[in-house]
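Peer 1: Just so it is clear, I am handing over start.cif, which has mmCIF, C-alpha atoms and all ligand atoms.
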```
data_coords
loop_
_atom_site.label_atom_id
_atom_site.label_comp_id
_atom_site.auth_asym_id
_atom_site.auth_seq_id
_atom_site.Cartn_x
_atom_site.Cartn_y
_atom_site.Cartn_z
CA MET W 1324 -23.78 -8.27 -20.20
CA ALA W 1325 -24.49 -6.19 -23.30
CA PHE W 1326 -23.67 -2.99 -21.46
CA VAL W 1327 -20.45 -4.17 -19.84
CA SER W 1328 -17.04 -3.59 -21.42
CA GLU W 1329 -14.51 -6.35 -22.05
CA LYS W 1330 -12.17 -4.52 -19.66
CA VAL W 1331 -14.60 -4.81 -16.81
CA LYS W 1332 -15.62 -8.35 -17.73
CA ASN W 1333 -11.96 -9.31 -17.63
CA LEU W 1334 -11.19 -7.79 -14.25
CA PRO W 1335 -9.69 -10.38 -11.92
CA PRO W 1336 -12.21 -11.92 -9.53
CA TYR W 1337 -12.29 -10.26 -6.16
CA LEU W 1338 -10.91 -13.00 -3.92
CA PHE W 1339 -11.95 -11.33 -0.69
CA SER W 1340 -15.65 -11.48 -1.45
CA GLU W 1341 -15.74 -15.25 -0.87
CA PHE W 1342 -14.24 -14.74 2.60
CA GLN W 1343 -16.55 -11.86 3.36
CA ARG W 1344 -19.56 -14.04 2.46
CA LYS W 1345 -18.30 -16.80 4.70
CA LYS W 1346 -17.59 -14.27 7.44
CA LYS W 1347 -21.20 -13.06 7.33
CA LYS W 1348 -22.51 -16.61 7.43
CA LEU W 1349 -20.33 -17.66 10.37
CA MET W 1350 -21.19 -14.46 12.25
CA ALA W 1351 -24.89 -15.09 11.66
CA GLU W 1352 -24.34 -18.54 13.20
CA GLY W 1353 -22.95 -16.82 16.26
CA MET W 1354 -19.20 -17.16 15.64
CA ASP W 1355 -17.01 -14.31 16.90
CA VAL W 1356 -15.00 -13.70 13.73
CA ILE W 1357 -11.78 -11.66 13.98
CA ASP W 1358 -10.91 -10.04 10.67
CA LEU W 1359 -7.17 -9.70 10.10
CA GLY W 1360 -7.69 -9.50 6.37
CA ILE W 1361 -8.32 -5.78 6.30
CA GLY W 1362 -5.48 -3.72 4.84
CA ALA W 1363 -6.36 -0.53 6.68
CA PRO W 1364 -5.62 1.01 10.08
CA ASP W 1365 -8.29 0.64 12.77
CA LEU W 1366 -7.07 3.76 14.60
CA PRO W 1367 -8.84 7.12 14.12
CA ALA W 1368 -7.43 10.14 12.27
CA PRO W 1369 -5.71 12.68 14.59
CA GLN W 1370 -8.12 15.05 16.32
CA PHE W 1371 -6.35 18.21 15.08
CA VAL W 1372 -6.88 17.05 11.49
CA VAL W 1373 -10.59 16.45 12.12
CA ASP W 1374 -10.80 19.91 13.75
CA LYS W 1375 -9.11 21.50 10.75
CA LEU W 1376 -11.57 19.78 8.41
CA THR W 1377 -14.62 21.05 10.28
CA GLU W 1378 -13.14 24.55 10.58
CA GLU W 1379 -12.41 24.75 6.85
CA ALA W 1380 -15.80 23.25 5.98
CA GLN W 1381 -17.43 26.30 7.65
CA LYS W 1382 -15.89 28.65 5.06
CA PRO W 1383 -18.04 29.16 1.94
CA GLU W 1384 -14.97 29.82 -0.24
CA ASN W 1385 -13.93 26.23 0.41
CA HIS W 1386 -17.16 24.93 -1.09
CA ARG W 1387 -16.04 25.78 -4.62
CA TYR W 1388 -14.00 23.68 -7.02
CA SER W 1389 -10.38 23.22 -6.12
CA THR W 1390 -7.75 23.90 -8.75
CA TYR W 1391 -7.35 20.66 -10.72
CA SER W 1392 -3.87 19.84 -9.50
CA GLY W 1393 -4.62 20.52 -5.83
CA CYS W 1394 -4.73 23.71 -3.78
CA GLN W 1395 -1.54 25.67 -3.12
CA GLU W 1396 -1.68 25.00 0.62
CA PHE W 1397 -1.68 21.22 0.04
CA LYS W 1398 1.01 21.18 -2.66
CA GLU W 1399 3.28 23.41 -0.56
CA ALA W 1400 2.74 21.14 2.45
CA VAL W 1401 3.79 18.12 0.37
CA ALA W 1402 6.92 19.94 -0.83
CA ALA W 1403 7.75 21.03 2.73
CA PHE W 1404 7.22 17.46 3.94
CA TYR W 1405 9.70 16.15 1.34
CA LYS W 1406 12.26 18.75 2.36
CA ARG W 1407 11.90 17.98 6.05
CA GLN W 1408 11.59 14.20 5.86
CA TYR W 1409 13.90 13.40 2.92
CA ASN W 1410 15.84 16.61 2.19
CA VAL W 1411 14.37 16.48 -1.33
CA ASP W 1412 13.49 19.77 -3.04
CA LEU W 1413 10.19 19.80 -4.93
CA ASP W 1414 8.61 22.59 -6.94
CA PRO W 1415 5.02 22.64 -5.64
CA ASP W 1416 3.75 24.03 -8.95
CA ASN W 1417 5.29 21.47 -11.30
CA GLU W 1418 6.45 18.46 -9.33
CA VAL W 1419 3.51 17.86 -6.97
CA LEU W 1420 0.00 16.68 -7.83
CA ALA W 1421 -2.88 15.98 -5.45
CA VAL W 1422 -4.68 12.68 -6.04
CA ILE W 1423 -7.93 11.30 -4.63
CA GLY W 1424 -6.03 8.61 -2.75
CA SER W 1425 -3.04 6.90 -4.30
CA LYS W 1426 -5.22 4.08 -5.66
CA GLU W 1427 -6.96 6.58 -7.94
CA GLY W 1428 -3.62 8.12 -8.87
CA ILE W 1429 -2.06 4.77 -9.74
CA ALA W 1430 -5.00 3.72 -11.92
CA ASN W 1431 -5.09 7.01 -13.81
CA LEU W 1432 -1.30 7.20 -14.12
CA MET W 1433 -1.36 4.10 -16.28
CA HIS W 1434 -3.74 5.86 -18.69
CA ALA W 1435 -1.47 8.89 -18.72
CA ALA W 1436 1.86 7.07 -19.10
CA ILE W 1437 1.42 3.93 -21.21
CA ASN W 1438 -0.17 2.95 -24.50
CA PRO W 1439 -2.29 -0.15 -25.12
CA GLY W 1440 0.00 -3.14 -25.55
CA ASP W 1441 2.80 -1.67 -23.43
CA THR W 1442 4.41 -3.88 -20.83
CA VAL W 1443 4.70 -2.90 -17.16
CA LEU W 1444 6.68 -4.73 -14.49
CA VAL W 1445 4.74 -5.25 -11.27
CA PRO W 1446 6.04 -6.69 -8.00
CA ASP W 1447 4.93 -10.27 -7.28
CA PRO W 1448 3.82 -10.58 -4.55
CA GLY W 1449 2.44 -7.05 -4.70
CA TYR W 1450 -0.53 -4.77 -4.20
CA PRO W 1451 -3.14 -6.03 -6.71
CA VAL W 1452 -4.07 -2.52 -7.84
CA TYR W 1453 -0.90 -2.20 -10.00
CA ARG W 1454 -1.86 -5.18 -12.14
CA THR W 1455 -5.46 -4.04 -12.50
CA ALA W 1456 -4.41 -0.49 -13.37
CA VAL W 1457 -2.16 -1.79 -16.16
CA HIS W 1458 -4.98 -4.02 -17.43
CA LEU W 1459 -7.50 -1.15 -17.44
CA ALA W 1460 -5.10 0.97 -19.48
CA GLY W 1461 -4.80 -1.84 -22.04
CA GLY W 1462 -1.27 -2.79 -21.03
CA ASP W 1463 0.27 -6.13 -20.13
CA SER W 1464 1.60 -6.59 -16.63
CA VAL W 1465 4.58 -8.85 -16.16
CA SER W 1466 5.60 -10.19 -12.76
CA LEU W 1467 8.73 -8.88 -11.16
CA PRO W 1468 9.33 -11.90 -8.95
CA LEU W 1469 10.35 -11.07 -5.39
CA ASP W 1470 11.47 -13.66 -2.91
CA ARG W 1471 12.21 -13.96 0.72
CA GLU W 1472 15.88 -14.90 0.23
CA ASN W 1473 16.53 -11.49 -1.34
CA GLY W 1474 14.45 -9.57 1.17
CA TYR W 1475 11.70 -9.11 -1.43
CA VAL W 1476 13.93 -6.77 -3.42
CA PRO W 1477 14.20 -7.43 -7.17
CA LEU W 1478 17.49 -8.73 -8.54
CA PHE W 1479 17.62 -6.09 -11.24
CA GLY W 1480 20.43 -7.80 -13.11
CA GLN W 1481 18.44 -10.99 -13.44
CA VAL W 1482 15.20 -9.66 -14.89
CA ASN W 1483 14.61 -11.16 -18.35
CA LYS W 1484 16.34 -8.82 -20.84
CA GLN W 1485 13.71 -9.14 -23.56
CA ILE W 1486 10.95 -8.24 -21.14
CA VAL W 1487 12.90 -5.29 -19.77
CA GLN W 1488 13.61 -3.97 -23.27
CA LYS W 1489 9.91 -4.05 -24.08
CA ALA W 1490 8.75 -2.66 -20.74
CA LYS W 1491 7.66 0.92 -20.33
CA ALA W 1492 7.32 1.17 -16.56
CA MET W 1493 8.04 -0.60 -13.29
CA PHE W 1494 6.25 -0.45 -9.95
CA LEU W 1495 7.99 -0.79 -6.60
CA ASN W 1496 6.50 -0.49 -3.10
CA TYR W 1497 8.48 -0.17 0.16
CA PRO W 1498 7.59 -0.54 2.99
CA SER W 1499 5.71 -3.25 1.18
CA ASN W 1500 2.16 -4.47 1.17
CA PRO W 1501 1.90 -7.48 1.55
CA THR W 1502 5.45 -8.54 2.49
CA ALA W 1503 6.23 -5.74 4.99
CA ALA W 1504 9.73 -5.63 3.42
CA THR W 1505 11.68 -2.40 3.86
CA VAL W 1506 14.76 -1.14 2.01
CA ASP W 1507 17.60 1.32 2.43
CA ALA W 1508 18.46 4.17 0.07
CA GLY W 1509 20.87 1.89 -1.82
CA THR W 1510 17.99 -0.14 -3.25
CA PHE W 1511 16.44 2.97 -4.73
CA MET W 1512 19.79 3.99 -6.24
CA LYS W 1513 19.95 0.61 -7.99
CA ALA W 1514 16.34 0.91 -9.10
CA VAL W 1515 16.91 4.38 -10.56
CA THR W 1516 20.03 3.21 -12.42
CA PHE W 1517 18.09 0.22 -13.76
CA ALA W 1518 15.25 2.51 -14.90
CA GLU W 1519 17.72 4.91 -16.56
CA GLU W 1520 19.53 2.11 -18.38
CA ASN W 1521 16.30 0.60 -19.67
CA ASP W 1522 14.17 3.69 -20.34
CA LEU W 1523 11.63 2.72 -17.72
CA LEU W 1524 9.32 4.95 -15.78
CA LEU W 1525 9.89 3.98 -12.14
CA VAL W 1526 6.73 4.32 -10.06
CA HIS W 1527 7.33 4.02 -6.35
CA ASP W 1528 4.34 3.57 -4.05
CA ALA W 1529 5.25 4.91 -0.61
CA ALA W 1530 1.87 4.31 1.05
CA TYR W 1531 3.57 3.18 4.29
CA ASP W 1532 6.43 5.70 4.30
CA MET W 1533 5.60 6.92 7.80
CA VAL W 1534 4.40 3.61 9.26
CA THR W 1535 7.77 2.42 10.56
CA PHE W 1536 9.26 1.35 13.87
CA ASN W 1537 12.20 -0.37 15.61
CA GLY W 1538 14.24 2.76 14.80
CA TYR W 1539 13.83 2.35 11.05
CA THR W 1540 12.93 5.29 8.80
CA SER W 1541 11.95 4.74 5.20
CA PRO W 1542 13.83 6.49 2.38
CA SER W 1543 12.21 8.16 -0.66
CA VAL W 1544 13.04 7.07 -4.18
CA LEU W 1545 13.58 10.76 -4.96
CA GLN W 1546 16.66 10.80 -2.72
CA ALA W 1547 18.50 8.73 -5.34
CA PRO W 1548 20.65 10.85 -7.69
CA GLY W 1549 18.89 11.39 -11.03
CA ALA W 1550 15.58 10.06 -9.72
CA LYS W 1551 13.57 12.98 -11.05
CA ASP W 1552 14.62 12.01 -14.59
CA VAL W 1553 12.86 8.65 -14.40
CA ALA W 1554 10.77 8.35 -11.26
CA VAL W 1555 7.55 9.39 -9.60
CA GLU W 1556 6.46 8.56 -6.09
CA PHE W 1557 2.98 8.18 -4.62
CA GLY W 1558 2.29 9.12 -1.04
CA SER W 1559 -0.91 8.93 0.92
CA LEU W 1560 -2.42 10.22 4.13
CA SER W 1561 -4.38 6.96 4.42
CA LYS W 1562 -1.96 4.85 6.44
CA SER W 1563 0.39 7.48 7.93
CA PHE W 1564 -2.46 9.44 9.49
CA SER W 1565 -5.22 6.79 9.54
CA MET W 1566 -7.19 8.73 6.93
CA THR W 1567 -8.22 5.98 4.50
CA GLY W 1568 -11.76 7.26 3.98
CA TRP W 1569 -10.65 10.84 3.36
CA ARG W 1570 -9.25 10.00 -0.08
CA ILE W 1571 -6.22 12.23 -0.24
CA GLY W 1572 -2.72 11.54 -1.47
CA TYR W 1573 -0.14 12.91 -3.89
CA MET W 1574 2.20 12.06 -6.71
CA VAL W 1575 5.58 13.77 -6.85
CA GLY W 1576 8.69 13.63 -9.02
CA ASN W 1577 9.27 13.74 -12.78
CA LYS W 1578 7.72 16.96 -14.09
CA GLU W 1579 6.63 15.55 -17.42
CA VAL W 1580 4.79 12.65 -15.79
CA VAL W 1581 3.22 14.92 -13.15
CA GLN W 1582 1.95 17.18 -15.94
CA ALA W 1583 0.69 14.21 -17.98
CA LEU W 1584 -1.34 12.84 -15.07
CA ALA W 1585 -2.58 16.36 -14.25
CA ALA W 1586 -3.76 16.80 -17.84
CA LEU W 1587 -5.56 13.45 -17.86
CA LYS W 1588 -7.17 14.02 -14.47
CA SER W 1589 -8.37 17.52 -15.37
CA ASN W 1590 -10.70 15.71 -17.78
CA ILE W 1591 -11.89 13.20 -15.23
CA ASP W 1592 -12.17 14.74 -11.77
CA THR W 1593 -11.81 18.18 -10.26
CA CYS W 1594 -9.65 17.20 -7.33
CA GLN W 1595 -10.60 16.60 -3.71
CA PHE W 1596 -12.85 18.78 -1.47
CA LEU W 1597 -10.77 21.78 -0.33
CA PRO W 1598 -11.30 21.24 3.43
CA VAL W 1599 -9.93 17.69 3.03
CA GLN W 1600 -6.86 19.03 1.22
CA LYS W 1601 -6.32 21.72 3.86
CA ALA W 1602 -6.72 19.24 6.72
CA ALA W 1603 -4.22 16.94 4.97
CA ALA W 1604 -1.83 19.90 4.66
CA ALA W 1605 -2.13 20.43 8.41
CA ALA W 1606 -1.25 16.76 8.96
CA LEU W 1607 1.85 17.00 6.71
CA ASN W 1608 2.93 20.23 8.41
CA SER W 1609 2.50 18.73 11.89
CA ASP W 1610 5.23 17.35 14.15
CA PHE W 1611 4.12 13.76 13.25
CA SER W 1612 3.61 12.94 16.93
CA ALA W 1613 0.21 11.47 16.00
CA SER W 1614 1.84 9.07 13.52
CA ARG W 1615 4.54 8.17 16.03
CA LYS W 1616 1.93 7.40 18.65
CA ASN W 1617 0.15 5.06 16.25
CA ASN W 1618 3.43 3.44 15.24
CA VAL W 1619 4.10 2.57 18.89
CA ILE W 1620 0.74 0.80 18.94
CA TYR W 1621 1.51 -1.13 15.74
CA GLN W 1622 4.99 -1.99 17.01
CA LYS W 1623 3.53 -3.51 20.19
CA ARG W 1624 0.97 -5.52 18.24
CA MET W 1625 3.67 -6.61 15.82
CA LYS W 1626 5.93 -7.77 18.63
CA LYS W 1627 3.16 -9.72 20.29
CA LEU W 1628 1.91 -11.49 17.19
CA HIS W 1629 5.35 -12.08 15.70
CA GLY W 1630 6.60 -13.61 18.94
CA ALA W 1631 3.64 -15.97 19.07
CA MET W 1632 3.95 -16.96 15.38
CA GLY W 1633 7.34 -18.52 15.96
CA LYS W 1634 5.92 -20.67 18.74
CA ILE W 1635 3.09 -21.96 16.59
CA GLY W 1636 5.38 -23.04 13.81
CA MET W 1637 4.86 -20.17 11.39
CA GLN W 1638 8.02 -18.42 10.26
CA ALA W 1639 7.96 -14.73 9.56
CA GLU W 1640 10.47 -11.90 9.40
CA ARG W 1641 10.06 -9.26 12.08
CA PRO W 1642 8.95 -6.22 10.10
CA ASN W 1643 10.19 -2.66 10.58
CA GLY W 1644 7.14 -1.13 8.97
CA THR W 1645 3.57 -1.49 7.65
CA ILE W 1646 0.68 -3.04 9.55
CA PHE W 1647 1.28 -6.54 8.17
CA ILE W 1648 2.97 -9.79 9.03
CA TRP W 1649 3.77 -11.88 5.97
CA THR W 1650 4.20 -15.43 7.04
CA LYS W 1651 4.95 -18.83 5.58
CA ILE W 1652 2.15 -21.28 6.18
CA PRO W 1653 2.58 -24.74 7.73
CA LYS W 1654 3.35 -27.66 5.42
CA GLY W 1655 0.45 -29.51 3.85
CA PHE W 1656 -1.61 -26.41 3.02
CA THR W 1657 -2.01 -23.97 0.17
CA SER W 1658 -2.54 -20.30 1.01
CA MET W 1659 -6.24 -20.79 0.32
CA THR W 1660 -6.76 -24.01 2.29
CA PHE W 1661 -4.86 -22.55 5.22
CA ALA W 1662 -6.85 -19.31 5.23
CA ASP W 1663 -9.99 -21.45 5.01
CA LYS W 1664 -8.92 -23.55 7.99
CA LEU W 1665 -8.22 -20.43 10.06
CA LEU W 1666 -11.64 -19.03 9.25
CA ASN W 1667 -13.64 -22.24 9.71
CA GLU W 1668 -11.86 -23.59 12.77
CA ALA W 1669 -10.57 -20.47 14.52
CA GLY W 1670 -12.85 -17.74 13.21
CA VAL W 1671 -9.84 -15.71 12.08
CA ILE W 1672 -9.65 -14.08 8.66
CA VAL W 1673 -6.24 -13.65 7.02
CA THR W 1674 -5.47 -12.91 3.38
CA PRO W 1675 -4.18 -15.80 1.24
CA GLY W 1676 -0.78 -14.90 -0.24
CA ASN W 1677 -1.72 -15.89 -3.79
CA THR W 1678 -4.12 -12.92 -3.83
CA PHE W 1679 -0.96 -10.83 -4.32
CA GLY W 1680 0.52 -12.87 -7.18
CA LYS W 1681 1.88 -16.34 -7.96
CA GLN W 1682 4.93 -15.78 -5.77
CA GLY W 1683 2.65 -15.27 -2.79
CA GLU W 1684 1.57 -18.92 -2.77
CA GLY W 1685 2.62 -20.59 0.47
CA TYR W 1686 2.12 -17.42 2.51
CA VAL W 1687 -0.64 -15.47 4.20
CA ARG W 1688 -0.81 -11.80 5.12
CA ILE W 1689 -1.96 -10.99 8.62
CA SER W 1690 -3.11 -7.47 9.30
CA LEU W 1691 -2.50 -5.83 12.68
CA SER W 1692 -5.78 -3.97 12.53
CA VAL W 1693 -7.18 -5.09 15.90
CA SER W 1694 -6.31 -4.37 19.55
CA GLU W 1695 -3.71 -6.31 21.56
CA GLU W 1696 -6.53 -8.00 23.49
CA ARG W 1697 -8.03 -9.30 20.28
CA LEU W 1698 -4.58 -10.43 19.14
CA ASP W 1699 -4.25 -12.44 22.37
CA GLU W 1700 -7.51 -14.11 21.44
CA VAL W 1701 -6.20 -14.78 17.89
CA ILE W 1702 -3.02 -16.35 19.27
CA GLN W 1703 -5.00 -18.57 21.64
CA ARG W 1704 -7.29 -19.74 18.90
CA ILE W 1705 -4.46 -20.50 16.47
CA GLN W 1706 -2.53 -22.33 19.20
CA GLY W 1707 -5.66 -24.42 19.68
CA LEU W 1708 -5.29 -25.71 16.12
CA HIS W 1709 -2.00 -27.48 17.02
CA LEU W 1710 -0.32 -26.44 13.80
CA LYS W 1711 3.14 -27.27 15.06
CA GLU W 1712 2.41 -30.98 14.86
CA VAL W 1713 1.31 -30.47 11.28
CA THR W 1714 4.57 -28.65 10.47
CA ASN W 1715 6.78 -31.28 12.01
CA GLY W 1716 4.77 -34.26 10.87
C1 LIG P 1 -3.58 1.14 1.10
C2 LIG P 1 -2.62 1.17 -0.02
C3 LIG P 1 -2.72 2.13 -1.03
C4 LIG P 1 -3.98 2.97 -1.20
O1 LIG P 1 -3.94 4.09 -0.54
P1 LIG P 1 -5.02 5.22 -0.80
O2 LIG P 1 -4.20 6.45 -0.79
O3 LIG P 1 -5.99 5.11 0.32
O4 LIG P 1 -5.67 5.00 -2.14
C5 LIG P 1 -1.75 2.21 -2.00
N1 LIG P 1 -0.72 1.34 -2.00
C6 LIG P 1 -0.61 0.39 -1.07
C7 LIG P 1 0.54 -0.55 -1.15
C8 LIG P 1 -1.56 0.26 -0.06
O5 LIG P 1 -1.46 -0.73 0.83
#
```
Take the structure from the file and write it as structure tokens.

Peer 2:
Amino acid sequence: MAFVSEKVKNLPPYLFSEFQRKKKKLMAEGMDVIDLGIGAPDLPAPQFVVDKLTEEAQKPENHRYSTYSGCQEFKEAVAAFYKRQYNVDLDPDNEVLAVIGSKEGIANLMHAAINPGDTVLVPDPGYPVYRTAVHLAGGDSVSLPLDRENGYVPLFGQVNKQIVQKAKAMFLNYPSNPTAATVDAGTFMKAVTFAEENDLLLVHDAAYDMVTFNGYTSPSVLQAPGAKDVAVEFGSLSKSFSMTGWRIGYMVGNKEVVQALAALKSNIDTCQFLPVQKAAAAALNSDFSASRKNNVIYQKRMKKLHGAMGKIGMQAERPNGTIFIWTKIPKGFTSMTFADKLLNEAGVIVTPGNTFGKQGEGYVRISLSVSEERLDEVIQRIQGLHLKEVTNG
């Protein structure tokens, strides 16, 4: 371990790997394992985006380095998307930055925005990358506890004053991974006021901004008055357009923070391949019918699985967005022992809630990343476990 840094040695253990090992073993033994632990869409990227990629890849001028902050076509498409979707004006030159997926952007933002020893509030339960990003930048992450009773929205007035005074930044994420919670514009107004009052950088992760249904549309944090003074927002093509492997997203908002991340990144990477940026621009400039079509598919899966959950004694809210169901587990289990039981006895992989923070204990996250037929099979298998008796007994 002589060549490994303390930072890397101290990274949290990757909880999924245990399940993936078990999955391999069970599959080798002939079990038909259904993996609902994956946090990514199973649907393909829209054909017109693939066509645009191949068309742009034919042009030699696109084989060169991109400008560090992203090509004009992409940044203008992001600005136009914000105008159309949120009625938010963005200056493509100063308030938009291309990132190599929002995960990369989030990790590097911590290096650009905080100093070692700084405190950052992270949602608990929440996407594990926030915590790791803070750790890698030498900061201390502090849980922003979210609970079901409050719709997984922080009670800003009740956050420990001493912690808030010390904190430099706060992450939020709606529609949320893992809880599938969604908010209205009022929540972002409160969050912006809270950030203003406490000198916090508010970082909103909008990875699922376009993955919504049941008539719900997700607001942007930048719609809140004064947001550009304190907030940045990450967006991604990964979930909205099923483009996870393409590695393209953006950060928008506060000019100073956009410039800081741009300056840091210009020393680390040289942005994404131009054809990928141009294909992503085409997606953002499109009529979103491809996203809507996928959302109908997710909505149907959601309805099917959510309906069945109730019958097998697992309570869950009916989500208006994301590709996840966040559900309480039956009594007598921990998140881990329950996920283990599902894998060993039903051949179904779900993600234990405690993977997302202490507050996630007692829950599992179920991903809707398989077809309705496979979901029928999942429901049958879970029903076969007779969990209801366990719950009532
Ligand atoms: C998937 C996901 C991301 C990562 O998106 P990329 O743009 O592919 O890096 C970011 N945030 C959340 C909450 C996610 O679920």

Peer 1: Could you work out how far atom CA of Ala1613 of chain W lies from atom CA of Thr1502 of chain W, giving the answer in Å with one decimal?

Peer 2: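 According to the coordinates, atom CA of Thr1502 of chain W and atom CA of Ala1613 of chain W are separated by 24.7 Å.
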
Peer 1: Counting all atoms listed in the file, which residues of chain W sit at most 9 Å from some atom of ligand LIG 1 (chain P), and what is each one's closest atom pair with its distance in Å to one decimal, listed by chain and rising residue number, as a Markdown table?

Peer 2:
```
| residue | atom | partner | partner_atom | distance |
| --- | --- | --- | --- | --- |
| W:Gly1362 | CA | P:LIG1 | O5 | 6.4 |
| W:Ala1363 | CA | P:LIG1 | C1 | 6.5 |
| W:Val1422 | CA | P:LIG1 | O2 | 8.2 |
| W:Ile1423 | CA | P:LIG1 | O4 | 7.1 |
| W:Gly1424 | CA | P:LIG1 | O2 | 3.4 |
| W:Ser1425 | CA | P:LIG1 | O2 | 3.7 |
| W:Lys1426 | CA | P:LIG1 | O4 | 3.7 |
| W:Glu1427 | CA | P:LIG1 | O4 | 6.1 |
| W:Gly1428 | CA | P:LIG1 | O4 | 7.7 |
| W:Ile1429 | CA | P:LIG1 | C5 | 8.2 |
| W:Gly1449 | CA | P:LIG1 | C7 | 7.6 |
| W:Tyr1450 | CA | P:LIG1 | C7 | 5.3 |
| W:Pro1451 | CA | P:LIG1 | C7 | 8.6 |
| W:Val1452 | CA | P:LIG1 | N1 | 7.8 |
| W:Tyr1453 | CA | P:LIG1 | N1 | 8.8 |
| W:Asn1496 | CA | P:LIG1 | C7 | 6.3 |
| W:Tyr1497 | CA | P:LIG1 | C7 | 8.1 |
| W:Pro1498 | CA | P:LIG1 | C7 | 8.2 |
| W:Ser1499 | CA | P:LIG1 | C7 | 6.3 |
| W:Asn1500 | CA | P:LIG1 | C7 | 4.8 |
| W:Pro1501 | CA | P:LIG1 | C7 | 7.6 |
| W:Asp1528 | CA | P:LIG1 | N1 | 5.9 |
| W:Ala1529 | CA | P:LIG1 | N1 | 7.1 |
| W:Ala1530 | CA | P:LIG1 | N1 | 5.0 |
| W:Tyr1531 | CA | P:LIG1 | O5 | 7.2 |
| W:Phe1557 | CA | P:LIG1 | C5 | 8.1 |
| W:Gly1558 | CA | P:LIG1 | O2 | 7.0 |
| W:Ser1559 | CA | P:LIG1 | O2 | 4.5 |
| W:Leu1560 | CA | P:LIG1 | O2 | 6.4 |
| W:Ser1561 | CA | P:LIG1 | O3 | 4.8 |
| W:Lys1562 | CA | P:LIG1 | C1 | 6.7 |
| W:Met1566 | CA | P:LIG1 | O3 | 7.6 |
| W:Thr1567 | CA | P:LIG1 | O3 | 4.8 |
| W:Gly1568 | CA | P:LIG1 | O3 | 7.2 |
| W:Trp1569 | CA | P:LIG1 | O3 | 8.0 |
| W:Arg1570 | CA | P:LIG1 | O3 | 5.9 |
| W:Ile1571 | CA | P:LIG1 | O2 | 6.1 |
| W:Gly1572 | CA | P:LIG1 | O2 | 5.3 |
| W:Tyr1573 | CA | P:LIG1 | O2 | 8.2 |
| W:Thr1645 | CA | P:LIG1 | O5 | 8.5 |
```

Peer 1: In terms of the shortest atom-to-atom distance over all atoms listed in the file, which of W:Gly1480, W:Gly1633, W:Pro1598, W:Pro1675 is closest to Ala1380 of chain W?

Peer 2: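 Checking each candidate against Ala1380 of chain W, we get W:Pro1598 as the closest.
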
Peer 1: Work out how far apart atom CA of Glu1396 of chain W and atom CA of Asp1552 of chain W are and give it in Å to one decimal.

Peer 2: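 Distance reported for this atom pair: 25.8 Å.
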
Peer 1: Pick out the residues sitting within 12 Å of Asn1677 of chain W, and hand them over as number ranges by chain; count all atoms listed in the file, and ignore anything fewer than 4 positions along from it in its own chain.

Peer 2: W: 1338-1339, 1447-1451, 1501, 1649, 1651-1652, 1657-1662, 1673, 1681-1688

Peer 1: When you count all atoms listed in the file, which of these residues is closest to Gly1461 of chain W: W:Met1433, W:Val1476, W:Val1487, W:Leu1698?

Peer 2: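 Using all atoms listed in the file, the shortest distance to Gly1461 of chain W belongs to W:Met1433.
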
Peer 1: Give the answer as one residue: which of W:Ala1436, W:Val1701, W:Ala1400, W:Ala1325 has the shortest atom-to-atom distance to Gln1582 of chain W, using only C-alpha atoms?

Peer 2: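 Result for the nearest residue to Gln1582 of chain W: W:Ala1436.
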
Peer 1: May I ask for the distance between atom CA of Glu1384 of chain W and atom CA of Asp1416 of chain W, given in Å to one decimal place?

Peer 2: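 For atom CA of Glu1384 of chain W relative to atom CA of Asp1416 of chain W, the distance reads 21.4 Å.
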
Peer 1: Which residue is closest to Phe1397 of chain W? Choose from W:Phe1596, W:Asp1663, W:Gly1630, W:Tyr1409 and count only C-alpha atoms.

Peer 2: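 Nearest to Phe1397 of chain W: W:Phe1596.
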
Peer 1: Between W:Glu1341, W:Asp1507, W:Glu1556, W:Glu1418, which has the minimum distance to Leu1525 of chain W (counting all atoms listed in the file)?

Peer 2: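 Closest residue, counting all atoms listed in the file: W:Glu1556.
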
Peer 1: Which one is closest to Gln1343 of chain W: W:Asn1618, W:Val1671, W:Phe1511, W:Glu1329? Count only C-alpha atoms.

Peer 2: W:Val1671

Peer 1: List as a list in words the protein and nucleic acid residues near Leu1691 of chain W, meaning an atom at most 8 Å away when all atoms listed in the file are counted, but skip any in the same chain fewer than 6 places from it.

Peer 2: Leu1359, Pro1364, Tyr1621, Arg1624, Met1625, Ile1646, Phe1647 and Ile1648 of chain W

Peer 1: Skip Asn1643 of chain W itself and residues of its chain fewer than 5 positions away, then list as a PDB file with C-alpha atoms, in the coordinates of the input all residues within 6 Å of it, counting all atoms listed in the file.

Peer 2:
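Contents of out30.pdb, as written:
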```
ATOM      1  CA  THR W1535       7.770   2.420  10.560  1.00  0.00           C
ATOM      2  CA  PHE W1536       9.260   1.350  13.870  1.00  0.00           C
ATOM      3  CA  ASN W1537      12.200  -0.370  15.610  1.00  0.00           C
TER       4      ASN W1537
END
```
